[in-house]
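What follows is the content of entry25.cif (mmCIF, C-alpha atoms).
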```
data_entry
loop_
_atom_site.label_atom_id
_atom_site.label_comp_id
_atom_site.auth_asym_id
_atom_site.auth_seq_id
_atom_site.Cartn_x
_atom_site.Cartn_y
_atom_site.Cartn_z
CA MET J 1 22.87 -26.91 15.71
CA ASN J 2 21.68 -28.89 18.72
CA GLU J 3 18.09 -29.71 19.52
CA LYS J 4 17.84 -27.56 22.64
CA THR J 5 18.99 -24.39 20.86
CA GLN J 6 16.65 -24.92 17.92
CA ARG J 7 13.68 -25.27 20.27
CA GLU J 8 14.79 -22.21 22.23
CA ILE J 9 15.05 -20.13 19.06
CA PHE J 10 11.39 -20.83 18.24
CA HIS J 11 10.22 -19.71 21.69
CA TYR J 12 12.47 -16.67 21.70
CA LEU J 13 11.18 -15.45 18.33
CA LYS J 14 7.60 -16.17 19.34
CA LYS J 15 8.08 -14.16 22.52
CA LYS J 16 9.49 -11.33 20.38
CA LYS J 17 6.22 -11.17 18.39
CA ILE J 18 7.00 -13.35 15.40
CA LYS J 19 3.48 -14.65 14.84
CA ASN J 20 3.78 -16.87 11.79
CA PHE J 21 6.15 -19.67 10.82
CA VAL J 22 5.71 -20.73 7.18
CA GLY J 23 7.99 -22.89 5.09
CA VAL J 24 9.14 -26.16 3.62
CA PRO J 25 10.79 -28.71 5.94
CA ASP J 26 14.55 -29.17 6.08
CA SER J 27 16.44 -31.75 8.13
CA THR J 28 19.05 -29.25 9.38
CA LEU J 29 16.19 -27.29 11.00
CA LYS J 30 14.09 -30.28 12.05
CA HIS J 31 13.98 -29.52 15.80
CA PHE J 32 12.98 -25.91 15.17
CA ILE J 33 10.24 -27.11 12.80
CA ASP J 34 9.17 -29.76 15.30
CA GLU J 35 8.75 -27.05 17.92
CA CYS J 36 6.55 -25.04 15.50
CA LEU J 37 4.45 -28.19 15.00
CA LYS J 38 4.19 -28.93 18.73
CA ASN J 39 2.97 -25.40 19.34
CA ASN J 40 0.53 -25.63 16.45
CA ASN J 41 2.09 -22.56 14.87
CA ILE J 42 3.16 -23.58 11.38
CA ILE J 43 2.06 -23.65 7.76
CA ILE J 44 3.87 -26.16 5.58
CA ALA J 45 3.72 -25.02 1.96
CA THR J 46 4.25 -27.07 -1.19
CA ARG J 47 7.19 -24.96 -2.40
CA GLU J 48 9.40 -22.28 -0.92
CA GLU J 49 8.10 -19.54 -3.23
CA GLU J 50 4.59 -20.34 -2.08
CA ALA J 51 5.71 -20.08 1.56
CA ILE J 52 7.23 -16.67 0.82
CA GLY J 53 3.97 -15.55 -0.80
CA ILE J 54 1.85 -16.65 2.18
CA ALA J 55 4.24 -15.05 4.68
CA SER J 56 4.23 -11.85 2.59
CA GLY J 57 0.44 -11.66 2.82
CA MET J 58 0.72 -12.03 6.58
CA SER J 59 3.45 -9.39 6.88
CA LEU J 60 1.37 -7.00 4.75
CA SER J 61 -1.35 -7.59 7.36
CA LYS J 62 1.13 -6.32 10.00
CA SER J 63 1.66 -9.80 11.43
CA ASN J 64 5.39 -10.61 11.66
CA SER J 65 6.44 -13.72 9.78
CA LEU J 66 9.37 -16.08 9.36
CA VAL J 67 9.96 -18.37 6.38
CA PHE J 68 12.02 -21.52 6.88
CA MET J 69 13.61 -23.57 4.11
CA GLN J 70 16.69 -25.42 2.94
CA ASN J 71 19.19 -23.53 0.82
CA ALA J 72 18.09 -25.61 -2.20
CA GLY J 73 14.70 -23.94 -1.77
CA PHE J 74 16.36 -20.58 -1.32
CA ALA J 75 17.96 -21.05 -4.74
CA ASN J 76 14.49 -21.85 -6.15
CA SER J 77 13.18 -18.62 -4.64
CA ILE J 78 15.67 -16.04 -5.86
CA SER J 79 13.34 -14.41 -8.40
CA THR J 80 10.55 -14.25 -5.80
CA ILE J 81 12.90 -12.60 -3.32
CA THR J 82 14.08 -10.00 -5.82
CA SER J 83 10.75 -9.26 -7.55
CA LEU J 84 8.45 -9.46 -4.52
CA ILE J 85 10.24 -9.20 -1.17
CA GLN J 86 12.94 -6.72 -2.16
CA LEU J 87 10.92 -4.83 -4.78
CA TYR J 88 8.03 -4.10 -2.42
CA GLN J 89 10.30 -4.08 0.66
CA ILE J 90 8.29 -6.63 2.61
CA PRO J 91 9.84 -7.38 6.01
CA LEU J 92 10.41 -11.13 6.44
CA ILE J 93 12.95 -13.25 8.29
CA PHE J 94 14.31 -16.14 6.25
CA LEU J 95 15.65 -19.08 8.27
CA ILE J 96 17.78 -21.19 5.94
CA GLY J 97 19.41 -24.56 6.57
CA TRP J 98 22.73 -24.60 4.72
CA ARG J 99 23.37 -27.95 3.04
CA GLY J 100 26.68 -28.26 1.26
CA TYR J 101 28.47 -26.28 3.96
CA LEU J 102 30.61 -29.35 4.54
CA SER J 103 32.55 -30.17 1.39
CA ASP J 104 31.71 -33.87 1.79
CA ASP J 105 27.94 -33.40 2.11
CA ALA J 106 25.63 -35.31 -0.31
CA PRO J 107 26.52 -34.56 -3.94
CA GLU J 108 23.27 -32.78 -4.85
CA HIS J 109 24.08 -30.06 -2.29
CA LEU J 110 27.69 -29.30 -3.17
CA LYS J 111 27.34 -26.81 -6.02
CA ILE J 112 24.67 -24.57 -4.47
CA GLY J 113 26.17 -25.07 -0.99
CA LYS J 114 29.49 -23.74 -2.17
CA ILE J 115 28.02 -20.52 -3.57
CA GLN J 116 25.40 -19.98 -0.83
CA PRO J 117 27.15 -16.97 0.80
CA GLU J 118 27.78 -15.40 -2.62
CA LEU J 119 24.15 -15.89 -3.68
CA LEU J 120 22.99 -13.97 -0.63
CA LYS J 121 25.55 -11.25 -1.24
CA ILE J 122 24.78 -10.89 -4.97
CA ILE J 123 21.05 -10.36 -4.43
CA GLY J 124 21.77 -8.06 -1.48
CA LEU J 125 19.87 -9.99 1.17
CA LYS J 126 21.57 -9.26 4.49
CA SER J 127 22.35 -12.40 6.48
CA GLN J 128 23.98 -13.71 9.63
CA ILE J 129 25.08 -17.22 10.62
CA LEU J 130 23.38 -18.58 13.73
CA THR J 131 25.37 -20.68 16.18
CA GLU J 132 24.67 -22.20 19.57
CA LYS J 133 26.64 -19.35 21.14
CA ASN J 134 25.48 -16.27 19.22
CA TRP J 135 21.86 -17.10 18.36
CA LYS J 136 20.20 -14.60 20.66
CA VAL J 137 22.27 -11.66 19.39
CA LYS J 138 21.65 -12.70 15.78
CA CYS J 139 17.91 -13.15 16.34
CA ASP J 140 17.81 -9.65 17.86
CA TRP J 141 19.61 -8.36 14.77
CA ALA J 142 16.98 -9.98 12.52
CA LEU J 143 14.12 -8.59 14.62
CA LYS J 144 15.64 -5.12 14.29
CA GLN J 145 15.90 -5.54 10.51
CA ILE J 146 12.22 -6.34 10.05
CA LYS J 147 11.24 -3.54 12.39
CA GLU J 148 12.99 -1.26 9.88
CA LYS J 149 11.01 -2.99 7.09
CA LYS J 150 14.09 -4.81 5.77
CA PRO J 151 14.00 -8.50 4.87
CA CYS J 152 16.94 -10.56 6.16
CA ALA J 153 18.24 -14.11 6.52
CA LEU J 154 19.51 -16.28 9.37
CA ILE J 155 21.62 -19.23 8.28
CA VAL J 156 22.11 -22.54 10.12
CA ARG J 157 25.06 -24.57 8.89
CA ARG J 158 24.71 -28.31 8.35
CA MET J 159 27.58 -29.63 10.48
CA PHE J 160 26.77 -33.37 10.49
CA HIS J 161 26.11 -36.31 8.18
CA ASP J 162 23.24 -38.75 8.42
CA MET R 1 -16.76 -11.12 -22.16
CA ILE R 2 -13.20 -9.84 -22.11
CA ARG R 3 -11.08 -9.67 -18.96
CA LYS R 4 -11.43 -5.94 -18.56
CA GLU R 5 -15.24 -6.19 -18.49
CA ALA R 6 -15.20 -8.97 -15.90
CA VAL R 7 -12.66 -7.09 -13.79
CA LYS R 8 -14.87 -4.00 -13.86
CA ILE R 9 -17.96 -5.92 -12.75
CA ILE R 10 -16.25 -7.66 -9.84
CA SER R 11 -14.23 -4.71 -8.55
CA SER R 12 -17.31 -2.48 -8.55
CA HIS R 13 -19.37 -5.05 -6.61
CA ILE R 14 -17.05 -5.79 -3.71
CA GLY R 15 -16.45 -2.41 -2.06
CA ASN R 16 -13.09 -2.03 -0.38
CA ASN R 17 -12.33 -5.70 0.11
CA PRO R 18 -8.71 -6.41 -0.84
CA ILE R 19 -7.84 -7.63 -4.33
CA ILE R 20 -4.50 -9.35 -4.86
CA SER R 21 -3.97 -9.05 -8.57
CA ALA R 22 -1.55 -11.14 -10.64
CA ASN R 23 1.23 -9.63 -12.73
CA GLY R 24 0.88 -8.71 -16.40
CA PHE R 25 -2.28 -7.46 -18.12
CA MET R 26 -4.39 -8.58 -15.15
CA SER R 27 -3.12 -5.81 -12.88
CA ARG R 28 -3.06 -3.27 -15.72
CA ASP R 29 -6.76 -3.86 -16.37
CA LEU R 30 -7.64 -3.55 -12.68
CA PHE R 31 -5.58 -0.36 -12.34
CA GLU R 32 -7.29 1.20 -15.34
CA VAL R 33 -10.89 0.31 -14.51
CA ASN R 34 -10.99 0.74 -10.73
CA ASP R 35 -7.84 1.89 -8.92
CA LYS R 36 -8.31 1.55 -5.14
CA GLU R 37 -6.03 1.54 -2.10
CA SER R 38 -7.10 -2.03 -1.37
CA ASN R 39 -5.76 -3.30 -4.72
CA PHE R 40 -2.38 -5.02 -4.51
CA TYR R 41 -0.89 -4.92 -8.02
CA MET R 42 1.79 -7.51 -8.58
CA ILE R 43 4.56 -6.69 -11.00
CA GLY R 44 6.78 -9.77 -10.92
CA SER R 45 6.69 -13.09 -9.05
CA MET R 46 4.24 -14.74 -11.40
CA GLY R 47 2.06 -17.40 -9.80
CA LEU R 48 2.08 -16.02 -6.27
CA ALA R 49 -1.14 -13.97 -6.14
CA SER R 50 -2.97 -16.98 -4.69
CA SER R 51 -0.36 -17.39 -1.93
CA ILE R 52 -0.23 -13.71 -0.96
CA GLY R 53 -4.04 -13.71 -0.94
CA LEU R 54 -4.07 -16.74 1.36
CA GLY R 55 -1.77 -15.01 3.86
CA ILE R 56 -3.98 -11.92 3.84
CA ALA R 57 -7.19 -13.95 4.15
CA LEU R 58 -5.87 -15.84 7.18
CA LYS R 59 -4.96 -12.62 8.97
CA ASN R 60 -8.08 -10.62 8.04
CA PRO R 61 -11.01 -12.92 8.80
CA LYS R 62 -13.54 -10.07 8.71
CA LYS R 63 -12.74 -9.15 5.11
CA GLN R 64 -13.52 -11.15 2.00
CA VAL R 65 -10.19 -11.38 0.16
CA PHE R 66 -10.20 -11.58 -3.64
CA ILE R 67 -7.42 -13.06 -5.77
CA PHE R 68 -7.38 -12.04 -9.42
CA ASP R 69 -5.46 -14.71 -11.29
CA GLY R 70 -4.96 -15.80 -14.86
CA ASP R 71 -4.91 -19.37 -16.13
CA GLY R 72 -1.18 -19.15 -16.83
CA ASN R 73 -0.60 -17.76 -13.35
CA ILE R 74 -2.49 -20.45 -11.45
CA LEU R 75 -0.93 -23.22 -13.54
CA MET R 76 2.44 -22.03 -12.19
CA ASN R 77 1.36 -22.50 -8.58
CA LEU R 78 -1.19 -25.33 -8.48
CA GLY R 79 0.31 -26.32 -5.13
CA SER R 80 -1.22 -23.18 -3.62
CA LEU R 81 -4.67 -24.68 -4.24
CA VAL R 82 -3.70 -27.64 -2.05
CA THR R 83 -2.60 -25.34 0.77
CA VAL R 84 -5.77 -23.22 0.52
CA GLY R 85 -7.94 -26.36 0.40
CA SER R 86 -6.26 -27.80 3.48
CA LEU R 87 -6.54 -24.58 5.53
CA LYS R 88 -10.09 -23.82 4.27
CA PRO R 89 -10.19 -20.05 4.86
CA LYS R 90 -13.82 -18.89 4.96
CA ASN R 91 -13.12 -15.54 3.36
CA LEU R 92 -11.06 -16.29 0.26
CA VAL R 93 -12.40 -15.84 -3.28
CA HIS R 94 -10.04 -17.05 -5.96
CA VAL R 95 -11.02 -15.65 -9.35
CA VAL R 96 -9.35 -17.18 -12.40
CA PHE R 97 -9.85 -15.27 -15.66
CA ASP R 98 -9.33 -18.08 -18.13
CA ASN R 99 -8.54 -17.22 -21.74
CA ASN R 100 -6.46 -20.37 -22.35
CA SER R 101 -3.46 -18.22 -23.09
CA HIS R 102 -0.45 -16.33 -21.81
CA GLU R 103 -1.90 -13.11 -23.18
CA SER R 104 0.66 -10.81 -21.53
CA THR R 105 3.58 -12.48 -23.29
CA GLY R 106 2.07 -12.60 -26.77
CA GLY R 107 -0.89 -14.98 -26.61
CA GLN R 108 0.94 -18.30 -26.44
CA PRO R 109 -1.36 -21.18 -25.41
CA THR R 110 -1.63 -22.53 -21.87
CA ASN R 111 -2.88 -26.05 -21.22
CA SER R 112 -5.98 -24.87 -19.37
CA SER R 113 -8.18 -25.92 -22.30
CA LYS R 114 -6.91 -29.50 -22.12
CA ILE R 115 -7.54 -30.14 -18.44
CA SER R 116 -10.26 -29.19 -15.96
CA LEU R 117 -9.32 -26.41 -13.53
CA GLU R 118 -12.88 -26.77 -12.28
CA LYS R 119 -12.31 -30.39 -11.22
CA ILE R 120 -8.93 -29.60 -9.70
CA ALA R 121 -10.45 -26.84 -7.56
CA LYS R 122 -13.36 -29.09 -6.52
CA GLY R 123 -10.90 -31.81 -5.56
CA VAL R 124 -9.15 -29.48 -3.11
CA ASN R 125 -12.28 -28.31 -1.26
CA TYR R 126 -13.23 -25.12 -3.10
CA LYS R 127 -16.82 -24.22 -3.85
CA VAL R 128 -16.58 -23.76 -7.63
CA PHE R 129 -18.56 -21.59 -10.03
CA VAL R 130 -17.94 -21.63 -13.80
CA ILE R 131 -19.02 -18.35 -15.35
CA LYS R 132 -19.47 -17.54 -19.03
CA SER R 133 -21.69 -14.44 -19.03
CA LYS R 134 -21.92 -11.05 -17.34
CA SER R 135 -25.38 -11.77 -15.93
CA LYS R 136 -24.17 -15.03 -14.36
CA LEU R 137 -21.17 -13.23 -12.90
CA ILE R 138 -23.38 -10.59 -11.26
CA SER R 139 -25.68 -13.21 -9.73
CA VAL R 140 -22.76 -15.34 -8.46
CA LEU R 141 -21.19 -12.28 -6.79
CA LYS R 142 -24.37 -11.92 -4.76
CA ASP R 143 -24.47 -15.64 -3.85
CA ILE R 144 -20.91 -15.86 -2.58
CA LYS R 145 -21.34 -13.14 0.03
CA LYS R 146 -22.92 -15.68 2.39
CA LEU R 147 -20.50 -18.57 1.79
CA LYS R 148 -18.13 -19.68 4.55
CA GLU R 149 -15.65 -21.70 2.51
CA PRO R 150 -12.96 -21.02 -0.11
CA VAL R 151 -14.60 -20.00 -3.39
CA PHE R 152 -13.24 -20.51 -6.89
CA LEU R 153 -14.70 -18.45 -9.74
CA LEU R 154 -13.58 -19.77 -13.11
CA ILE R 155 -14.50 -17.05 -15.59
CA LYS R 156 -14.22 -17.95 -19.24
CA ILE R 157 -13.08 -14.87 -21.11
CA SER R 158 -12.03 -14.14 -24.67
CA THR R 159 -8.69 -12.69 -25.64
CA SER R 160 -8.65 -9.05 -26.66
CA GLU R 161 -6.49 -6.56 -28.50
CA GLU R 162 -7.40 -3.87 -25.98
CA ARG R 163 -4.43 -2.82 -23.84
CA SER R 164 -4.61 -1.07 -20.50
CA LYS R 165 -1.96 1.36 -19.30
CA ARG R 166 0.79 0.28 -16.94
CA VAL R 167 0.37 0.60 -13.19
CA SER R 168 1.93 3.96 -12.32
CA TRP R 169 2.26 3.47 -8.54
CA THR R 170 5.68 2.46 -7.25
CA PRO R 171 5.86 -0.96 -5.54
CA THR R 172 6.38 0.53 -2.09
CA THR R 173 3.38 2.85 -2.60
CA ILE R 174 1.28 -0.17 -3.62
CA ARG R 175 2.44 -1.86 -0.40
CA ASN R 176 1.69 1.14 1.80
CA ARG R 177 -1.76 1.69 0.31
CA LEU R 178 -2.75 -1.93 0.86
CA MET R 179 -1.42 -1.99 4.43
CA LYS R 180 -3.36 1.14 5.24
CA SER R 181 -6.56 -0.34 3.82
CA LEU R 182 -6.38 -3.59 5.85
#
```
Output the file's structure as structure tokens, nothing else.
Amino acid sequence: MNEKTQREIFHYLKKKKIKNFVGVPDSTLKHFIDECLKNNNIIIATREEEAIGIASGMSLSKSNSLVFMQNAGFANSISTITSLIQLYQIPLIFLIGWRGYLSDDAPEHLKIGKIQPELLKIIGLKSQILTEKNWKVKCDWALKQIKEKKPCALIVRRMFHD
Amino acid sequence: MIRKEAVKIISSHIGNNPIISANGFMSRDLFEVNDKESNFYMIGSMGLASSIGLGIALKNPKKQVFIFDGDGNILMNLGSLVTVGSLKPKNLVHVVFDNNSHESTGGQPTNSSKISLEKIAKGVNYKVFVIKSKSKLISVLKDIKKLKEPVFLLIKISTSEERSKRVSWTPTTIRNRLMKSL
């Protein structure tokens, strides 16, 4: 996803009352994260589960929160998502960079990357893929989900090599 | 001092300030001795009480936010101490009830007796108190009311055969009660 769109997504969500951006950096999302940093509106955690915990505390305080991470970190966090976010029904938006979407991505990403859509489906976390064309509609969908106290995920595919 | 006694002393001294309580026997003890709307009982997601407490502390600067953790729990999320120490919330009290064991899973040892949680917490900007008696605990609870920095209470407790009942509230009720109290 291009730089301009990633920066726009941050400002759009902020305008729509997402107050907190907590997570672990990911190169697919680096322009989005850079925009959080520039606006001094970010907490970088040591692990993804920790980020989810912090954002949960904020959401429980009625302050809307987004957690960003790479899909490797999403895989780390599955038990936290099922036994905290889904069990207590804590509204959070997950923004996940999808490594291993391309079948020739770096080898460490291939196995989890291949099953990423199934992982989301199996744990029952509703998700949508963000693109440069549809991002506003999909962000509105996510905002509606958390308004109804449902956690959800927005996925950004890794379409390039570096 | 056993955990249940320490839990009773603290929860009765802090009014309706929120308590984020770790999973396992920790939350069962708190539920049994002093059930309040402002108690957030964790069931799963071991290790995350400190992180949830941090999020609540940052968003509720007028309340003193208490985290009830075990030694096994904090050892699973030592990174959270780094994040707390870097953000330096003025209203966070992290209580670790240290019995050197995973009591909830059958009393297996943790490594908390072989390292210094006290030094780790000091190294990441907490004001640290090590507590071994009920009288010390009561006096420390008075002292920390005025502090404007993250506080770490390391309470040395003994293991016990006493078992508290399970938390009977459903998770969404626990959530709603806490949200209402904040």
Show me which bits of chain R are within 10 Å of chain J, counting only C-alpha atoms, as an MDAnalysis selection string. chainID R and resid 20 42:60 77:84 87 170:176 178:182
Evaluate the PyMOL selection byres ((chain J and resi 131-136) around 8) on the structure here and hand back the selected residues as a list in words. Met1, Asn2, Thr5, Ile9, Ile129, Leu130, Val137, Lys138, Cys139, Asp140 and Val156 of chain J
Compile the contact shell of Asn34 in chain R as a list in words: residues with an atom at most 12 Å away, counting all atoms listed in the file, same-chain residues fewer than 5 positions apart removed.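 Result of the neighbour search: Lys4, Glu5, Ala6, Val7, Lys8, Ile9, Ile10, Ser11, Ser12, His13, Ile14, Gly15, Asn16, Ile19, Ser27, Arg28, Asp29, Asn39, Tyr41, Ser164 and Val167 of chain R.
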So which residues get picked by the PyMOL selection byres ((chain R and resi 126) around 8) here, written as a CSV table (one decimal) with C-alpha atoms, in the frame of the given file?
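Wrote it out as selection-v7.csv, contents follow:
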```
chain,number,residue,atom,x,y,z
R,85,GLY,CA,-7.9,-26.4,0.4
R,121,ALA,CA,-10.4,-26.8,-7.6
R,122,LYS,CA,-13.4,-29.1,-6.5
R,123,GLY,CA,-10.9,-31.8,-5.6
R,124,VAL,CA,-9.2,-29.5,-3.1
R,125,ASN,CA,-12.3,-28.3,-1.3
R,127,LYS,CA,-16.8,-24.2,-3.8
R,128,VAL,CA,-16.6,-23.8,-7.6
R,149,GLU,CA,-15.6,-21.7,2.5
R,150,PRO,CA,-13.0,-21.0,-0.1
R,151,VAL,CA,-14.6,-20.0,-3.4
R,152,PHE,CA,-13.2,-20.5,-6.9
```
note - CA of Phe74 in chain J and CA of Val65 in chain R are separated by 28.1 Å
Could you expand the PyMOL selection byres ((chain R and resi 96) around 12) into the explicit residues it covers here, written as a PyMOL selection string? chain R and resi 3+6-7+20-22+26+47+49-50+66-75+93-95+97-100+112+117-118+121+128-131+151-157
Could you tell me how far CA of Lys148 in chain R lies from CA of Pro89 in chain R, in Å and to one decimal?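 Rounded to one decimal, the two atoms are 8.0 Å apart.
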Rounded to one decimal in Å, what is the spacing between CA of Glu8 in chain J and CA of Arg158 in chain J? 18.1 Å
Please list, as a PyMOL selection string, the residues that have an atom at most 6 Å away from (12.1, -6.8, 5.1) in the coordinates of this file, counting only C-alpha atoms. chain J and resi 89-92+146+149-151
Find the smallest box with edges along x, y and z containing every listed atom of range 14-18 of chain R, then add 4 Å on each side and report centre and edge lengths in Å to one decimal, as AutoDock Vina command-line options.
```
--center_x -12.9 --center_y -4.2 --center_z -1.8 --size_x 16.3 --size_y 12.4 --size_z 11.8
```
Neighbour residues at most 10 Å from (24.5, -33.0, 10.7) (all atoms listed in the file) as a VMD selection string: chain J and resid 1 to 2 27 to 28 99 102 105 157 to 162
Please, can range 94-118 of chain R be completed to N, CA and C atoms and returned as a PDB file, in the frame of the given file?
```pdb
ATOM      1  N   HIS R  94     -11.091 -16.924  -4.955  1.00  0.00           N
ATOM      2  CA  HIS R  94     -10.040 -17.050  -5.960  1.00  0.00           C
ATOM      3  C   HIS R  94     -10.680 -16.964  -7.347  1.00  0.00           C
ATOM      4  N   VAL R  95     -10.425 -15.856  -8.023  1.00  0.00           N
ATOM      5  CA  VAL R  95     -11.020 -15.650  -9.350  1.00  0.00           C
ATOM      6  C   VAL R  95      -9.967 -15.967 -10.405  1.00  0.00           C
ATOM      7  N   VAL R  96     -10.269 -16.890 -11.294  1.00  0.00           N
ATOM      8  CA  VAL R  96      -9.350 -17.180 -12.400  1.00  0.00           C
ATOM      9  C   VAL R  96     -10.002 -16.728 -13.697  1.00  0.00           C
ATOM     10  N   PHE R  97      -9.384 -15.770 -14.350  1.00  0.00           N
ATOM     11  CA  PHE R  97      -9.850 -15.270 -15.660  1.00  0.00           C
ATOM     12  C   PHE R  97      -9.160 -16.143 -16.699  1.00  0.00           C
ATOM     13  N   ASP R  98      -9.929 -17.037 -17.304  1.00  0.00           N
ATOM     14  CA  ASP R  98      -9.330 -18.080 -18.130  1.00  0.00           C
ATOM     15  C   ASP R  98      -9.540 -17.779 -19.617  1.00  0.00           C
ATOM     16  N   ASN R  99      -8.455 -17.424 -20.295  1.00  0.00           N
ATOM     17  CA  ASN R  99      -8.540 -17.220 -21.740  1.00  0.00           C
ATOM     18  C   ASN R  99      -7.674 -18.240 -22.482  1.00  0.00           C
ATOM     19  N   ASN R 100      -7.278 -19.289 -21.781  1.00  0.00           N
ATOM     20  CA  ASN R 100      -6.460 -20.370 -22.350  1.00  0.00           C
ATOM     21  C   ASN R 100      -5.166 -19.867 -22.961  1.00  0.00           C
ATOM     22  N   SER R 101      -4.701 -18.716 -22.489  1.00  0.00           N
ATOM     23  CA  SER R 101      -3.460 -18.220 -23.090  1.00  0.00           C
ATOM     24  C   SER R 101      -2.643 -17.341 -22.154  1.00  0.00           C
ATOM     25  N   HIS R 102      -1.363 -17.269 -22.469  1.00  0.00           N
ATOM     26  CA  HIS R 102      -0.450 -16.330 -21.810  1.00  0.00           C
ATOM     27  C   HIS R 102      -0.561 -15.018 -22.574  1.00  0.00           C
ATOM     28  N   GLU R 103      -1.640 -14.283 -22.342  1.00  0.00           N
ATOM     29  CA  GLU R 103      -1.900 -13.110 -23.180  1.00  0.00           C
ATOM     30  C   GLU R 103      -0.826 -12.030 -23.013  1.00  0.00           C
ATOM     31  N   SER R 104      -0.296 -11.892 -21.790  1.00  0.00           N
ATOM     32  CA  SER R 104       0.660 -10.810 -21.530  1.00  0.00           C
ATOM     33  C   SER R 104       1.991 -10.989 -22.250  1.00  0.00           C
ATOM     34  N   THR R 105       2.278 -12.240 -22.638  1.00  0.00           N
ATOM     35  CA  THR R 105       3.580 -12.480 -23.290  1.00  0.00           C
ATOM     36  C   THR R 105       3.436 -12.730 -24.789  1.00  0.00           C
ATOM     37  N   GLY R 106       2.238 -12.471 -25.326  1.00  0.00           N
ATOM     38  CA  GLY R 106       2.070 -12.600 -26.770  1.00  0.00           C
ATOM     39  C   GLY R 106       1.023 -13.626 -27.200  1.00  0.00           C
ATOM     40  N   GLY R 107       0.243 -14.114 -26.254  1.00  0.00           N
ATOM     41  CA  GLY R 107      -0.890 -14.980 -26.610  1.00  0.00           C
ATOM     42  C   GLY R 107      -0.546 -16.442 -26.824  1.00  0.00           C
ATOM     43  N   GLN R 108       0.598 -16.884 -26.318  1.00  0.00           N
ATOM     44  CA  GLN R 108       0.940 -18.300 -26.440  1.00  0.00           C
ATOM     45  C   GLN R 108      -0.080 -19.145 -25.657  1.00  0.00           C
ATOM     46  N   PRO R 109      -0.331 -20.388 -26.109  1.00  0.00           N
ATOM     47  CA  PRO R 109      -1.360 -21.180 -25.410  1.00  0.00           C
ATOM     48  C   PRO R 109      -0.917 -21.671 -24.035  1.00  0.00           C
ATOM     49  N   THR R 110      -1.871 -21.763 -23.106  1.00  0.00           N
ATOM     50  CA  THR R 110      -1.630 -22.530 -21.870  1.00  0.00           C
ATOM     51  C   THR R 110      -2.331 -23.871 -22.074  1.00  0.00           C
ATOM     52  N   ASN R 111      -2.199 -24.750 -21.118  1.00  0.00           N
ATOM     53  CA  ASN R 111      -2.880 -26.050 -21.220  1.00  0.00           C
ATOM     54  C   ASN R 111      -4.214 -26.061 -20.490  1.00  0.00           C
ATOM     55  N   SER R 112      -4.734 -24.871 -20.146  1.00  0.00           N
ATOM     56  CA  SER R 112      -5.980 -24.870 -19.370  1.00  0.00           C
ATOM     57  C   SER R 112      -7.166 -25.407 -20.158  1.00  0.00           C
ATOM     58  N   SER R 113      -7.064 -25.396 -21.507  1.00  0.00           N
ATOM     59  CA  SER R 113      -8.180 -25.920 -22.300  1.00  0.00           C
ATOM     60  C   SER R 113      -8.163 -27.450 -22.365  1.00  0.00           C
ATOM     61  N   LYS R 114      -7.044 -28.050 -21.980  1.00  0.00           N
ATOM     62  CA  LYS R 114      -6.910 -29.500 -22.120  1.00  0.00           C
ATOM     63  C   LYS R 114      -7.170 -30.263 -20.824  1.00  0.00           C
ATOM     64  N   ILE R 115      -7.282 -29.517 -19.737  1.00  0.00           N
ATOM     65  CA  ILE R 115      -7.540 -30.140 -18.440  1.00  0.00           C
ATOM     66  C   ILE R 115      -8.720 -29.418 -17.791  1.00  0.00           C
ATOM     67  N   SER R 116      -9.120 -29.859 -16.603  1.00  0.00           N
ATOM     68  CA  SER R 116     -10.260 -29.190 -15.960  1.00  0.00           C
ATOM     69  C   SER R 116      -9.821 -28.505 -14.668  1.00  0.00           C
ATOM     70  N   LEU R 117      -9.631 -27.172 -14.749  1.00  0.00           N
ATOM     71  CA  LEU R 117      -9.320 -26.410 -13.530  1.00  0.00           C
ATOM     72  C   LEU R 117     -10.481 -26.519 -12.540  1.00  0.00           C
ATOM     73  N   GLU R 118     -11.686 -26.636 -13.114  1.00  0.00           N
ATOM     74  CA  GLU R 118     -12.880 -26.770 -12.280  1.00  0.00           C
ATOM     75  C   GLU R 118     -12.786 -28.020 -11.394  1.00  0.00           C
TER      76      GLU R 118
END
```
